[in-house]
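J.: Below is start-v6.txt; it holds compact mmCIF, N, CA and C atoms.
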```
# COMPACT_ATOMS: atom_id res chain seq x y z
N MET A 1 18.13 21.59 28.38
CA MET A 1 17.10 22.52 27.95
C MET A 1 16.09 21.77 27.10
N ALA A 2 14.83 21.90 27.40
CA ALA A 2 13.77 21.21 26.69
C ALA A 2 13.43 21.94 25.40
N ILE A 3 13.03 21.17 24.41
CA ILE A 3 12.61 21.76 23.14
C ILE A 3 11.15 22.18 23.28
N PRO A 4 10.83 23.42 22.91
CA PRO A 4 9.44 23.90 23.02
C PRO A 4 8.49 23.03 22.19
N LYS A 5 7.28 22.83 22.70
CA LYS A 5 6.28 22.01 22.02
C LYS A 5 5.94 22.55 20.64
N SER A 6 5.98 23.86 20.48
CA SER A 6 5.65 24.45 19.18
C SER A 6 6.68 24.03 18.11
N ILE A 7 7.94 23.92 18.50
CA ILE A 7 9.00 23.49 17.57
C ILE A 7 8.77 22.03 17.19
N LEU A 8 8.43 21.19 18.18
CA LEU A 8 8.17 19.78 17.89
C LEU A 8 6.98 19.62 16.95
N LEU A 9 5.95 20.44 17.14
CA LEU A 9 4.77 20.40 16.28
C LEU A 9 5.15 20.78 14.85
N ILE A 10 5.93 21.82 14.69
CA ILE A 10 6.35 22.25 13.36
C ILE A 10 7.18 21.15 12.69
N ILE A 11 8.08 20.53 13.42
CA ILE A 11 8.89 19.44 12.86
C ILE A 11 7.99 18.30 12.41
N GLY A 12 7.00 17.95 13.22
CA GLY A 12 6.07 16.88 12.86
C GLY A 12 5.28 17.19 11.61
N VAL A 13 4.80 18.41 11.49
CA VAL A 13 4.02 18.81 10.31
C VAL A 13 4.90 18.78 9.06
N VAL A 14 6.10 19.30 9.16
CA VAL A 14 7.02 19.30 8.01
C VAL A 14 7.36 17.87 7.59
N ALA A 15 7.61 17.00 8.55
CA ALA A 15 7.93 15.60 8.23
C ALA A 15 6.75 14.92 7.54
N THR A 16 5.54 15.18 8.00
CA THR A 16 4.36 14.60 7.38
C THR A 16 4.19 15.11 5.96
N LEU A 17 4.32 16.41 5.76
CA LEU A 17 4.18 16.98 4.42
C LEU A 17 5.26 16.45 3.49
N PHE A 18 6.47 16.28 4.01
CA PHE A 18 7.57 15.77 3.20
C PHE A 18 7.27 14.35 2.75
N SER A 19 6.74 13.50 3.64
CA SER A 19 6.45 12.12 3.26
C SER A 19 5.31 12.06 2.26
N ILE A 20 4.31 12.95 2.40
CA ILE A 20 3.22 12.99 1.43
C ILE A 20 3.75 13.42 0.07
N ALA A 21 4.66 14.38 0.05
CA ALA A 21 5.20 14.87 -1.21
C ALA A 21 5.98 13.78 -1.95
N LEU A 22 6.53 12.81 -1.23
CA LEU A 22 7.31 11.76 -1.85
C LEU A 22 6.47 10.58 -2.31
N ALA A 23 5.17 10.59 -2.02
CA ALA A 23 4.30 9.49 -2.39
C ALA A 23 4.17 9.39 -3.91
N THR A 24 4.04 8.14 -4.37
CA THR A 24 3.88 7.86 -5.79
C THR A 24 2.42 7.49 -6.05
N PRO A 25 1.79 8.10 -7.05
CA PRO A 25 0.41 7.72 -7.35
C PRO A 25 0.35 6.41 -8.12
N GLY A 26 -0.74 5.70 -7.94
CA GLY A 26 -0.95 4.45 -8.66
C GLY A 26 -2.38 3.98 -8.47
N THR A 27 -2.60 2.70 -8.72
CA THR A 27 -3.91 2.10 -8.49
C THR A 27 -3.73 0.80 -7.73
N ALA A 28 -4.80 0.39 -7.05
CA ALA A 28 -4.75 -0.87 -6.31
C ALA A 28 -6.01 -1.69 -6.58
N THR A 29 -5.80 -2.99 -6.63
CA THR A 29 -6.86 -3.97 -6.70
C THR A 29 -6.69 -4.86 -5.48
N PHE A 30 -7.47 -5.95 -5.39
CA PHE A 30 -7.25 -6.88 -4.27
C PHE A 30 -7.37 -8.32 -4.72
N TYR A 31 -6.78 -9.21 -3.93
CA TYR A 31 -6.84 -10.65 -4.19
C TYR A 31 -7.08 -11.39 -2.89
N THR A 32 -7.39 -12.69 -2.99
CA THR A 32 -7.77 -13.45 -1.79
C THR A 32 -7.01 -14.76 -1.59
N ASN A 33 -6.25 -15.23 -2.56
CA ASN A 33 -5.46 -16.46 -2.40
C ASN A 33 -4.01 -16.08 -2.18
N TYR A 34 -3.53 -16.24 -0.94
CA TYR A 34 -2.23 -15.73 -0.56
C TYR A 34 -1.09 -16.74 -0.62
N ILE A 35 -1.39 -18.02 -0.73
CA ILE A 35 -0.37 -19.06 -0.75
C ILE A 35 -0.66 -19.98 -1.93
N PRO A 36 0.32 -20.35 -2.72
CA PRO A 36 1.73 -19.96 -2.62
C PRO A 36 1.96 -18.54 -3.14
N SER A 37 3.09 -17.98 -2.75
CA SER A 37 3.47 -16.65 -3.23
C SER A 37 4.81 -16.74 -3.96
N ALA A 38 5.03 -15.81 -4.86
CA ALA A 38 6.27 -15.80 -5.64
C ALA A 38 7.50 -15.56 -4.78
N CYS A 39 7.34 -14.86 -3.67
CA CYS A 39 8.48 -14.52 -2.81
C CYS A 39 8.76 -15.57 -1.74
N TYR A 40 7.70 -16.16 -1.18
CA TYR A 40 7.86 -17.02 0.00
C TYR A 40 7.29 -18.42 -0.16
N GLY A 41 6.91 -18.80 -1.38
CA GLY A 41 6.38 -20.14 -1.62
C GLY A 41 5.17 -20.44 -0.75
N ASN A 42 5.23 -21.53 0.00
CA ASN A 42 4.11 -21.96 0.84
C ASN A 42 4.20 -21.47 2.28
N THR A 43 5.13 -20.56 2.57
CA THR A 43 5.27 -20.03 3.92
C THR A 43 4.35 -18.82 4.09
N PRO A 44 3.36 -18.93 4.99
CA PRO A 44 2.42 -17.81 5.19
C PRO A 44 3.13 -16.55 5.68
N GLN A 45 2.66 -15.40 5.20
CA GLN A 45 3.22 -14.12 5.60
C GLN A 45 2.17 -13.21 6.22
N GLY A 46 1.06 -13.79 6.67
CA GLY A 46 -0.02 -13.00 7.26
C GLY A 46 -1.01 -12.56 6.20
N THR A 47 -1.83 -11.58 6.57
CA THR A 47 -2.86 -11.12 5.64
C THR A 47 -2.75 -9.65 5.27
N ILE A 48 -1.83 -8.93 5.87
CA ILE A 48 -1.64 -7.52 5.49
C ILE A 48 -0.45 -7.48 4.53
N ILE A 49 -0.74 -7.92 3.31
CA ILE A 49 0.29 -8.17 2.31
C ILE A 49 -0.15 -7.61 0.95
N ALA A 50 0.77 -7.68 -0.01
CA ALA A 50 0.45 -7.20 -1.36
C ALA A 50 1.32 -7.92 -2.38
N ALA A 51 0.84 -7.86 -3.62
CA ALA A 51 1.60 -8.36 -4.76
C ALA A 51 1.98 -7.15 -5.62
N ALA A 52 3.16 -7.21 -6.19
CA ALA A 52 3.68 -6.11 -7.01
C ALA A 52 3.39 -6.35 -8.48
N SER A 53 3.03 -5.29 -9.18
CA SER A 53 2.80 -5.36 -10.62
C SER A 53 4.13 -5.48 -11.36
N ASP A 54 4.05 -5.77 -12.64
CA ASP A 54 5.27 -5.93 -13.45
C ASP A 54 6.24 -4.76 -13.34
N PRO A 55 5.78 -3.49 -13.42
CA PRO A 55 6.74 -2.39 -13.34
C PRO A 55 7.51 -2.31 -12.01
N LEU A 56 6.93 -2.83 -10.93
CA LEU A 56 7.59 -2.79 -9.62
C LEU A 56 8.39 -4.06 -9.32
N TRP A 57 8.08 -5.14 -10.00
CA TRP A 57 8.60 -6.46 -9.65
C TRP A 57 10.12 -6.55 -9.64
N ASN A 58 10.78 -6.08 -10.69
CA ASN A 58 12.25 -6.05 -10.77
C ASN A 58 12.89 -7.40 -10.42
N ASN A 59 12.41 -8.45 -11.07
CA ASN A 59 12.92 -9.81 -10.85
C ASN A 59 12.89 -10.25 -9.39
N GLY A 60 11.91 -9.76 -8.64
CA GLY A 60 11.75 -10.17 -7.25
C GLY A 60 12.51 -9.34 -6.23
N ALA A 61 13.24 -8.33 -6.68
CA ALA A 61 14.02 -7.51 -5.74
C ALA A 61 13.13 -6.78 -4.73
N ILE A 62 11.85 -6.65 -5.05
CA ILE A 62 10.92 -5.95 -4.18
C ILE A 62 10.37 -6.83 -3.06
N CYS A 63 10.63 -8.14 -3.14
CA CYS A 63 10.13 -9.07 -2.11
C CYS A 63 10.56 -8.63 -0.71
N GLY A 64 9.59 -8.61 0.21
CA GLY A 64 9.87 -8.25 1.59
C GLY A 64 9.85 -6.77 1.88
N LYS A 65 9.83 -5.94 0.86
CA LYS A 65 9.77 -4.49 1.09
C LYS A 65 8.38 -4.14 1.61
N THR A 66 8.28 -3.06 2.38
CA THR A 66 6.99 -2.62 2.89
C THR A 66 6.65 -1.25 2.31
N PHE A 67 5.35 -1.03 2.16
CA PHE A 67 4.84 0.20 1.59
C PHE A 67 3.68 0.72 2.41
N ASN A 68 3.66 2.03 2.63
CA ASN A 68 2.52 2.69 3.23
C ASN A 68 1.59 3.07 2.08
N VAL A 69 0.36 2.58 2.12
CA VAL A 69 -0.59 2.76 1.02
C VAL A 69 -1.81 3.54 1.53
N THR A 70 -2.21 4.55 0.77
CA THR A 70 -3.37 5.37 1.10
C THR A 70 -4.28 5.47 -0.10
N CYS A 71 -5.56 5.25 0.12
CA CYS A 71 -6.56 5.43 -0.94
C CYS A 71 -6.74 6.92 -1.17
N THR A 72 -6.74 7.33 -2.45
CA THR A 72 -6.92 8.75 -2.76
C THR A 72 -8.19 9.04 -3.55
N GLY A 73 -8.88 7.97 -4.02
CA GLY A 73 -10.12 8.22 -4.74
C GLY A 73 -10.57 7.05 -5.59
N PRO A 74 -11.72 7.21 -6.22
CA PRO A 74 -12.29 6.14 -7.05
C PRO A 74 -11.69 6.11 -8.45
N THR A 75 -11.78 4.94 -9.08
CA THR A 75 -11.43 4.81 -10.50
C THR A 75 -12.67 4.44 -11.30
N ASN A 76 -13.79 4.29 -10.61
CA ASN A 76 -15.03 3.87 -11.25
C ASN A 76 -16.20 4.57 -10.56
N PRO A 77 -17.44 4.25 -10.93
CA PRO A 77 -18.60 4.98 -10.37
C PRO A 77 -18.90 4.77 -8.89
N VAL A 78 -18.18 3.90 -8.18
CA VAL A 78 -18.44 3.73 -6.75
C VAL A 78 -18.04 5.03 -6.04
N PRO A 79 -19.01 5.73 -5.46
CA PRO A 79 -18.69 7.02 -4.83
C PRO A 79 -17.98 6.86 -3.49
N HIS A 80 -17.01 7.68 -3.25
CA HIS A 80 -16.31 7.78 -1.97
C HIS A 80 -15.85 6.43 -1.41
N PRO A 81 -14.99 5.71 -2.13
CA PRO A 81 -14.58 4.39 -1.65
C PRO A 81 -13.59 4.43 -0.47
N CYS A 82 -12.91 5.54 -0.28
CA CYS A 82 -11.83 5.60 0.71
C CYS A 82 -12.34 5.70 2.15
N THR A 83 -11.63 5.03 3.06
CA THR A 83 -12.00 5.06 4.48
C THR A 83 -11.29 6.19 5.22
N GLY A 84 -10.26 6.77 4.61
CA GLY A 84 -9.47 7.80 5.28
C GLY A 84 -8.28 7.23 6.03
N LYS A 85 -8.12 5.91 6.01
CA LYS A 85 -7.00 5.26 6.69
C LYS A 85 -5.90 4.92 5.70
N SER A 86 -4.71 4.67 6.23
CA SER A 86 -3.57 4.16 5.46
C SER A 86 -3.19 2.82 6.07
N ILE A 87 -2.41 2.04 5.31
CA ILE A 87 -1.95 0.75 5.82
C ILE A 87 -0.56 0.46 5.29
N VAL A 88 0.25 -0.22 6.09
CA VAL A 88 1.58 -0.65 5.65
C VAL A 88 1.48 -2.13 5.29
N VAL A 89 1.84 -2.44 4.04
CA VAL A 89 1.78 -3.81 3.54
C VAL A 89 3.17 -4.31 3.16
N LYS A 90 3.33 -5.62 3.22
CA LYS A 90 4.58 -6.27 2.84
C LYS A 90 4.39 -6.93 1.47
N ILE A 91 5.34 -6.73 0.57
CA ILE A 91 5.28 -7.36 -0.75
C ILE A 91 5.69 -8.82 -0.63
N VAL A 92 4.78 -9.71 -1.01
CA VAL A 92 5.03 -11.15 -0.91
C VAL A 92 4.84 -11.88 -2.22
N ASP A 93 4.35 -11.17 -3.23
CA ASP A 93 3.99 -11.87 -4.47
C ASP A 93 4.14 -10.96 -5.67
N HIS A 94 4.00 -11.56 -6.83
CA HIS A 94 4.05 -10.88 -8.13
C HIS A 94 2.69 -11.03 -8.77
N CYS A 95 2.16 -9.96 -9.33
CA CYS A 95 0.87 -10.05 -10.02
C CYS A 95 1.05 -9.63 -11.48
N PRO A 96 1.59 -10.53 -12.29
CA PRO A 96 1.78 -10.18 -13.70
C PRO A 96 0.45 -9.90 -14.37
N GLY A 97 0.36 -8.75 -15.01
CA GLY A 97 -0.86 -8.40 -15.73
C GLY A 97 -2.02 -7.99 -14.84
N CYS A 98 -1.78 -7.78 -13.55
CA CYS A 98 -2.89 -7.37 -12.68
C CYS A 98 -3.33 -5.96 -13.05
N GLY A 99 -4.53 -5.60 -12.62
CA GLY A 99 -5.11 -4.33 -13.01
C GLY A 99 -4.67 -3.13 -12.20
N GLY A 100 -3.68 -3.30 -11.33
CA GLY A 100 -3.25 -2.17 -10.51
C GLY A 100 -1.75 -2.15 -10.32
N THR A 101 -1.27 -1.09 -9.73
CA THR A 101 0.14 -0.98 -9.38
C THR A 101 0.47 -1.98 -8.28
N LEU A 102 -0.43 -2.03 -7.28
CA LEU A 102 -0.32 -2.99 -6.19
C LEU A 102 -1.61 -3.79 -6.12
N ASP A 103 -1.48 -5.08 -5.89
CA ASP A 103 -2.62 -5.96 -5.69
C ASP A 103 -2.62 -6.29 -4.20
N LEU A 104 -3.48 -5.63 -3.44
CA LEU A 104 -3.50 -5.77 -1.99
C LEU A 104 -4.30 -6.99 -1.56
N SER A 105 -3.95 -7.55 -0.41
CA SER A 105 -4.82 -8.58 0.17
C SER A 105 -6.18 -7.93 0.42
N LYS A 106 -7.22 -8.75 0.43
CA LYS A 106 -8.56 -8.18 0.66
C LYS A 106 -8.61 -7.49 2.01
N GLU A 107 -7.92 -8.03 3.02
CA GLU A 107 -7.90 -7.42 4.35
C GLU A 107 -7.25 -6.04 4.32
N ALA A 108 -6.15 -5.90 3.59
CA ALA A 108 -5.49 -4.60 3.49
C ALA A 108 -6.35 -3.62 2.71
N PHE A 109 -6.90 -4.07 1.58
CA PHE A 109 -7.75 -3.22 0.75
C PHE A 109 -8.93 -2.71 1.57
N SER A 110 -9.56 -3.62 2.33
CA SER A 110 -10.74 -3.27 3.12
C SER A 110 -10.44 -2.25 4.21
N THR A 111 -9.20 -2.18 4.63
CA THR A 111 -8.81 -1.19 5.64
C THR A 111 -8.82 0.22 5.06
N ILE A 112 -8.43 0.35 3.80
CA ILE A 112 -8.32 1.69 3.21
C ILE A 112 -9.47 2.05 2.28
N ALA A 113 -10.28 1.04 1.86
CA ALA A 113 -11.35 1.32 0.89
C ALA A 113 -12.46 0.27 0.95
N ASN A 114 -13.58 0.62 0.40
CA ASN A 114 -14.70 -0.30 0.27
C ASN A 114 -14.37 -1.31 -0.84
N PRO A 115 -14.34 -2.62 -0.53
CA PRO A 115 -14.00 -3.62 -1.54
C PRO A 115 -14.95 -3.63 -2.74
N VAL A 116 -16.15 -3.10 -2.58
CA VAL A 116 -17.09 -3.03 -3.70
C VAL A 116 -16.49 -2.21 -4.85
N ALA A 117 -15.62 -1.27 -4.52
CA ALA A 117 -14.99 -0.44 -5.55
C ALA A 117 -14.13 -1.28 -6.49
N GLY A 118 -13.48 -2.31 -5.98
CA GLY A 118 -12.66 -3.20 -6.81
C GLY A 118 -11.30 -2.63 -7.18
N VAL A 119 -11.27 -1.42 -7.70
CA VAL A 119 -10.02 -0.74 -8.09
C VAL A 119 -10.10 0.68 -7.55
N ILE A 120 -9.00 1.14 -6.95
CA ILE A 120 -8.97 2.50 -6.39
C ILE A 120 -7.67 3.20 -6.79
N LYS A 121 -7.69 4.51 -6.69
CA LYS A 121 -6.47 5.31 -6.83
C LYS A 121 -5.77 5.30 -5.49
N ILE A 122 -4.44 5.22 -5.52
CA ILE A 122 -3.66 5.21 -4.29
C ILE A 122 -2.44 6.11 -4.40
N ASP A 123 -1.89 6.42 -3.24
CA ASP A 123 -0.53 6.95 -3.12
C ASP A 123 0.21 5.91 -2.29
N TYR A 124 1.46 5.62 -2.67
CA TYR A 124 2.24 4.65 -1.91
C TYR A 124 3.67 5.13 -1.75
N VAL A 125 4.24 4.78 -0.58
CA VAL A 125 5.60 5.17 -0.23
C VAL A 125 6.29 3.97 0.36
N GLN A 126 7.49 3.63 -0.12
CA GLN A 126 8.24 2.52 0.46
C GLN A 126 8.71 2.91 1.85
N THR A 127 8.50 1.99 2.82
CA THR A 127 8.93 2.26 4.18
C THR A 127 10.13 1.43 4.59
N SER A 128 10.40 0.34 3.86
CA SER A 128 11.61 -0.46 4.12
C SER A 128 12.04 -1.17 2.86
```
Please express the file's structure as structure tokens.
T.:
Amino acid sequence: MAIPKSILLIIGVVATLFSIALATPGTATFYTNYIPSACYGNTPQGTIIAAASDPLWNNGAICGKTFNVTCTGPTNPVPHPCTGKSIVVKIVDHCPGCGGTLDLSKEAFSTIANPVAGVIKIDYVQTS
């Protein structure tokens, strides 16, 4: 017996709302020098990556974890910095004293926001 499409739609909507409800608010900045990294040394990990701030670092236990990051708004006078997209990034580095919860690669930041903004409000959810 097939499951009705309306039931599948309802399940999808509930799952989406549940994941949004579990998101943690924070801020994001961006960086451009990806090697060396605190987690992987001189081994490149691509460009859709991020560095974790001190509160998330936990002595490196966060290395390799992935997060779905969504821009939620500006932190400064740059109007409407968000693109409406989300991105999944891998934690590869530590950013002690950085100005955000997550320090995204410029490529990742540019996917979700205008880099001119420099710092944005985000919601993030660990995916692995």
J.: I need the residues in stretch 14-79 of chain A that are strand (DSSP E) according to DSSP; give them as a PyMOL selection string.
T.: chain A and resi 24-31+49-52+66-74
J.: For A:His80, which of A:Ala113, A:Ile62, A:Val125, A:Val119 is the closest residue, counting only N, CA and C atoms?
T.: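 Checking each of A:Ala113, A:Ile62, A:Val125, A:Val119 against A:His80, counting only N, CA and C atoms, the winner is A:Ala113.
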J.: Report as a list of chain:residue names all protein, DNA and RNA residues lying within 6 Å of A:Lys90, evaluated on all atoms listed in the file, omitting residues in the same chain fewer than 2 positions from it.
T.: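 What passes the distance filter is A:Ile48, A:Ile49, A:Ala50, A:Gly64, A:Lys65, A:Thr66, A:Phe67, A:Val88, A:Val92.
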J.: Give me, as a list in words, all polymer residues having an atom no more than 7 Å from A:Pro44, counting all atoms listed in the file and skipping those fewer than 2 positions away in the same chain.
T.: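 Counting all atoms listed in the file, the residues come to Tyr34, Ile35, Tyr40, Gly41, Asn42 and Gly46 of chain A.
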J.: Kindly give the distance, in Å, that separates atom N of A:Cys82 and atom CA of A:Gly99, rounded to a single decimal.
T.: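 Interatomic distance, atom N of A:Cys82 to atom CA of A:Gly99: 17.9 Å.
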J.: Rank A:Ser37, A:Asn68, A:Thr47, A:Asn58 by their smallest atom-to-atom distance to A:Tyr124, using all atoms listed in the file, and report the top residue only.
T.: A:Asn68
J.: Give me, please, the distance in Å between atom C of A:Phe109 and atom C of A:Pro25, quoted to one decimal.
T.: 16.2 Å
J.: Looking at A:Asp123, A:Ala38, A:Thr75, A:Glu107, which one is nearest to A:Leu22, with distances taken over all atoms listed in the file?
T.: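 Using all atoms listed in the file, the shortest distance to A:Leu22 belongs to A:Asp123.
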J.: How far is it from atom CA of A:Lys85 to atom CA of A:Phe30, in Å with one decimal?
T.: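 About the pair atom CA of A:Lys85 and atom CA of A:Phe30: they are 16.4 Å apart.
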J.: Which is closer to A:Cys63 than all the others in A:Ile112, A:Cys39, A:Ala23, A:Leu102, using only N, CA and C atoms?
T.: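 Looking only at the distances to A:Cys63, the closest residue turns out to be A:Cys39.
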J.: Using only C-alpha atoms, can you tell me which of A:Pro115, A:Lys106, A:His94, A:Pro74 comes closest to A:Pro36?
T.: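 With only C-alpha atoms as the atom set, the closest residue is A:His94.
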J.: Can you pull out every residue from chain A that DSSP, working from the backbone, puts in helix (DSSP H, G or I), and format the result as an MDAnalysis selection string?
T.: chainID A and resid 5:21 54:60 106:112 115:117
J.: Could you write out that same residue set with N, CA and C atoms as a compact mmCIF listing (two decimals), in the coordinates of the input?
T.:
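After the write, again.txt holds the following:
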```
# COMPACT_ATOMS: atom_id res chain seq x y z
N LYS A 5 7.28 22.83 22.70
CA LYS A 5 6.28 22.01 22.02
C LYS A 5 5.94 22.55 20.64
N SER A 6 5.98 23.86 20.48
CA SER A 6 5.65 24.45 19.18
C SER A 6 6.68 24.03 18.11
N ILE A 7 7.94 23.92 18.50
CA ILE A 7 9.00 23.49 17.57
C ILE A 7 8.77 22.03 17.19
N LEU A 8 8.43 21.19 18.18
CA LEU A 8 8.17 19.78 17.89
C LEU A 8 6.98 19.62 16.95
N LEU A 9 5.95 20.44 17.14
CA LEU A 9 4.77 20.40 16.28
C LEU A 9 5.15 20.78 14.85
N ILE A 10 5.93 21.82 14.69
CA ILE A 10 6.35 22.25 13.36
C ILE A 10 7.18 21.15 12.69
N ILE A 11 8.08 20.53 13.42
CA ILE A 11 8.89 19.44 12.86
C ILE A 11 7.99 18.30 12.41
N GLY A 12 7.00 17.95 13.22
CA GLY A 12 6.07 16.88 12.86
C GLY A 12 5.28 17.19 11.61
N VAL A 13 4.80 18.41 11.49
CA VAL A 13 4.02 18.81 10.31
C VAL A 13 4.90 18.78 9.06
N VAL A 14 6.10 19.30 9.16
CA VAL A 14 7.02 19.30 8.01
C VAL A 14 7.36 17.87 7.59
N ALA A 15 7.61 17.00 8.55
CA ALA A 15 7.93 15.60 8.23
C ALA A 15 6.75 14.92 7.54
N THR A 16 5.54 15.18 8.00
CA THR A 16 4.36 14.60 7.38
C THR A 16 4.19 15.11 5.96
N LEU A 17 4.32 16.41 5.76
CA LEU A 17 4.18 16.98 4.42
C LEU A 17 5.26 16.45 3.49
N PHE A 18 6.47 16.28 4.01
CA PHE A 18 7.57 15.77 3.20
C PHE A 18 7.27 14.35 2.75
N SER A 19 6.74 13.50 3.64
CA SER A 19 6.45 12.12 3.26
C SER A 19 5.31 12.06 2.26
N ILE A 20 4.31 12.95 2.40
CA ILE A 20 3.22 12.99 1.43
C ILE A 20 3.75 13.42 0.07
N ALA A 21 4.66 14.38 0.05
CA ALA A 21 5.20 14.87 -1.21
C ALA A 21 5.98 13.78 -1.95
N ASP A 54 4.05 -5.77 -12.64
CA ASP A 54 5.27 -5.93 -13.45
C ASP A 54 6.24 -4.76 -13.34
N PRO A 55 5.78 -3.49 -13.42
CA PRO A 55 6.74 -2.39 -13.34
C PRO A 55 7.51 -2.31 -12.01
N LEU A 56 6.93 -2.83 -10.93
CA LEU A 56 7.59 -2.79 -9.62
C LEU A 56 8.39 -4.06 -9.32
N TRP A 57 8.08 -5.14 -10.00
CA TRP A 57 8.60 -6.46 -9.65
C TRP A 57 10.12 -6.55 -9.64
N ASN A 58 10.78 -6.08 -10.69
CA ASN A 58 12.25 -6.05 -10.77
C ASN A 58 12.89 -7.40 -10.42
N ASN A 59 12.41 -8.45 -11.07
CA ASN A 59 12.92 -9.81 -10.85
C ASN A 59 12.89 -10.25 -9.39
N GLY A 60 11.91 -9.76 -8.64
CA GLY A 60 11.75 -10.17 -7.25
C GLY A 60 12.51 -9.34 -6.23
N LYS A 106 -7.22 -8.75 0.43
CA LYS A 106 -8.56 -8.18 0.66
C LYS A 106 -8.61 -7.49 2.01
N GLU A 107 -7.92 -8.03 3.02
CA GLU A 107 -7.90 -7.42 4.35
C GLU A 107 -7.25 -6.04 4.32
N ALA A 108 -6.15 -5.90 3.59
CA ALA A 108 -5.49 -4.60 3.49
C ALA A 108 -6.35 -3.62 2.71
N PHE A 109 -6.90 -4.07 1.58
CA PHE A 109 -7.75 -3.22 0.75
C PHE A 109 -8.93 -2.71 1.57
N SER A 110 -9.56 -3.62 2.33
CA SER A 110 -10.74 -3.27 3.12
C SER A 110 -10.44 -2.25 4.21
N THR A 111 -9.20 -2.18 4.63
CA THR A 111 -8.81 -1.19 5.64
C THR A 111 -8.82 0.22 5.06
N ILE A 112 -8.43 0.35 3.80
CA ILE A 112 -8.32 1.69 3.21
C ILE A 112 -9.47 2.05 2.28
N PRO A 115 -14.34 -2.62 -0.53
CA PRO A 115 -14.00 -3.62 -1.54
C PRO A 115 -14.95 -3.63 -2.74
N VAL A 116 -16.15 -3.10 -2.58
CA VAL A 116 -17.09 -3.03 -3.70
C VAL A 116 -16.49 -2.21 -4.85
N ALA A 117 -15.62 -1.27 -4.52
CA ALA A 117 -14.99 -0.44 -5.55
C ALA A 117 -14.13 -1.28 -6.49
```
J.: Pick from A:Thr83, A:Pro96, A:Thr70, A:Asn76: nearest to A:Ser110, with all atoms listed in the file counted?
T.: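 Among the listed residues, the smallest separation from A:Ser110 belongs to A:Thr83.
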J.: Go ahead and find all residues with at least one atom no further than 7 Å from (-3.2, 6.1, -4.9) in the file's coordinates, using all atoms listed in the file; report them as a ChimeraX atom specification.
T.: /A:24-28,70-73,120-124
J.: Since the input is missing atoms for stretch 111-122 of chain A, could you rebuild it with N, CA, C and O atoms and give the result as a PDB file, in the coordinates of the input?
T.:
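Final output, selection_10.pdb:
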```
ATOM      1  N   THR A 111      -9.200  -2.180   4.630  1.00  0.00           N
ATOM      2  CA  THR A 111      -8.810  -1.190   5.640  1.00  0.00           C
ATOM      3  C   THR A 111      -8.820   0.220   5.060  1.00  0.00           C
ATOM      4  O   THR A 111      -9.205   1.167   5.741  1.00  0.00           O
ATOM      5  N   ILE A 112      -8.430   0.350   3.800  1.00  0.00           N
ATOM      6  CA  ILE A 112      -8.320   1.690   3.210  1.00  0.00           C
ATOM      7  C   ILE A 112      -9.470   2.050   2.280  1.00  0.00           C
ATOM      8  O   ILE A 112      -9.637   3.212   1.930  1.00  0.00           O
ATOM      9  N   ALA A 113     -10.280   1.040   1.860  1.00  0.00           N
ATOM     10  CA  ALA A 113     -11.350   1.320   0.890  1.00  0.00           C
ATOM     11  C   ALA A 113     -12.460   0.270   0.950  1.00  0.00           C
ATOM     12  O   ALA A 113     -12.243  -0.843   1.445  1.00  0.00           O
ATOM     13  N   ASN A 114     -13.580   0.620   0.400  1.00  0.00           N
ATOM     14  CA  ASN A 114     -14.700  -0.300   0.270  1.00  0.00           C
ATOM     15  C   ASN A 114     -14.370  -1.310  -0.840  1.00  0.00           C
ATOM     16  O   ASN A 114     -14.144  -0.922  -1.986  1.00  0.00           O
ATOM     17  N   PRO A 115     -14.340  -2.620  -0.530  1.00  0.00           N
ATOM     18  CA  PRO A 115     -14.000  -3.620  -1.540  1.00  0.00           C
ATOM     19  C   PRO A 115     -14.950  -3.630  -2.740  1.00  0.00           C
ATOM     20  O   PRO A 115     -14.584  -4.091  -3.817  1.00  0.00           O
ATOM     21  N   VAL A 116     -16.150  -3.100  -2.580  1.00  0.00           N
ATOM     22  CA  VAL A 116     -17.090  -3.030  -3.700  1.00  0.00           C
ATOM     23  C   VAL A 116     -16.490  -2.210  -4.850  1.00  0.00           C
ATOM     24  O   VAL A 116     -16.783  -2.459  -6.019  1.00  0.00           O
ATOM     25  N   ALA A 117     -15.620  -1.270  -4.520  1.00  0.00           N
ATOM     26  CA  ALA A 117     -14.990  -0.440  -5.550  1.00  0.00           C
ATOM     27  C   ALA A 117     -14.130  -1.280  -6.490  1.00  0.00           C
ATOM     28  O   ALA A 117     -14.008  -0.961  -7.674  1.00  0.00           O
ATOM     29  N   GLY A 118     -13.480  -2.310  -5.980  1.00  0.00           N
ATOM     30  CA  GLY A 118     -12.660  -3.200  -6.810  1.00  0.00           C
ATOM     31  C   GLY A 118     -11.300  -2.630  -7.180  1.00  0.00           C
ATOM     32  O   GLY A 118     -10.294  -3.292  -7.021  1.00  0.00           O
ATOM     33  N   VAL A 119     -11.270  -1.420  -7.700  1.00  0.00           N
ATOM     34  CA  VAL A 119     -10.020  -0.740  -8.090  1.00  0.00           C
ATOM     35  C   VAL A 119     -10.100   0.680  -7.550  1.00  0.00           C
ATOM     36  O   VAL A 119     -11.124   1.341  -7.692  1.00  0.00           O
ATOM     37  N   ILE A 120      -9.000   1.140  -6.950  1.00  0.00           N
ATOM     38  CA  ILE A 120      -8.970   2.500  -6.390  1.00  0.00           C
ATOM     39  C   ILE A 120      -7.670   3.200  -6.790  1.00  0.00           C
ATOM     40  O   ILE A 120      -6.691   2.561  -7.144  1.00  0.00           O
ATOM     41  N   LYS A 121      -7.690   4.510  -6.690  1.00  0.00           N
ATOM     42  CA  LYS A 121      -6.470   5.310  -6.830  1.00  0.00           C
ATOM     43  C   LYS A 121      -5.770   5.300  -5.490  1.00  0.00           C
ATOM     44  O   LYS A 121      -6.422   5.373  -4.439  1.00  0.00           O
ATOM     45  N   ILE A 122      -4.440   5.220  -5.520  1.00  0.00           N
ATOM     46  CA  ILE A 122      -3.660   5.210  -4.290  1.00  0.00           C
ATOM     47  C   ILE A 122      -2.440   6.110  -4.400  1.00  0.00           C
ATOM     48  O   ILE A 122      -2.018   6.478  -5.499  1.00  0.00           O
TER      49      ILE A 122
END
```
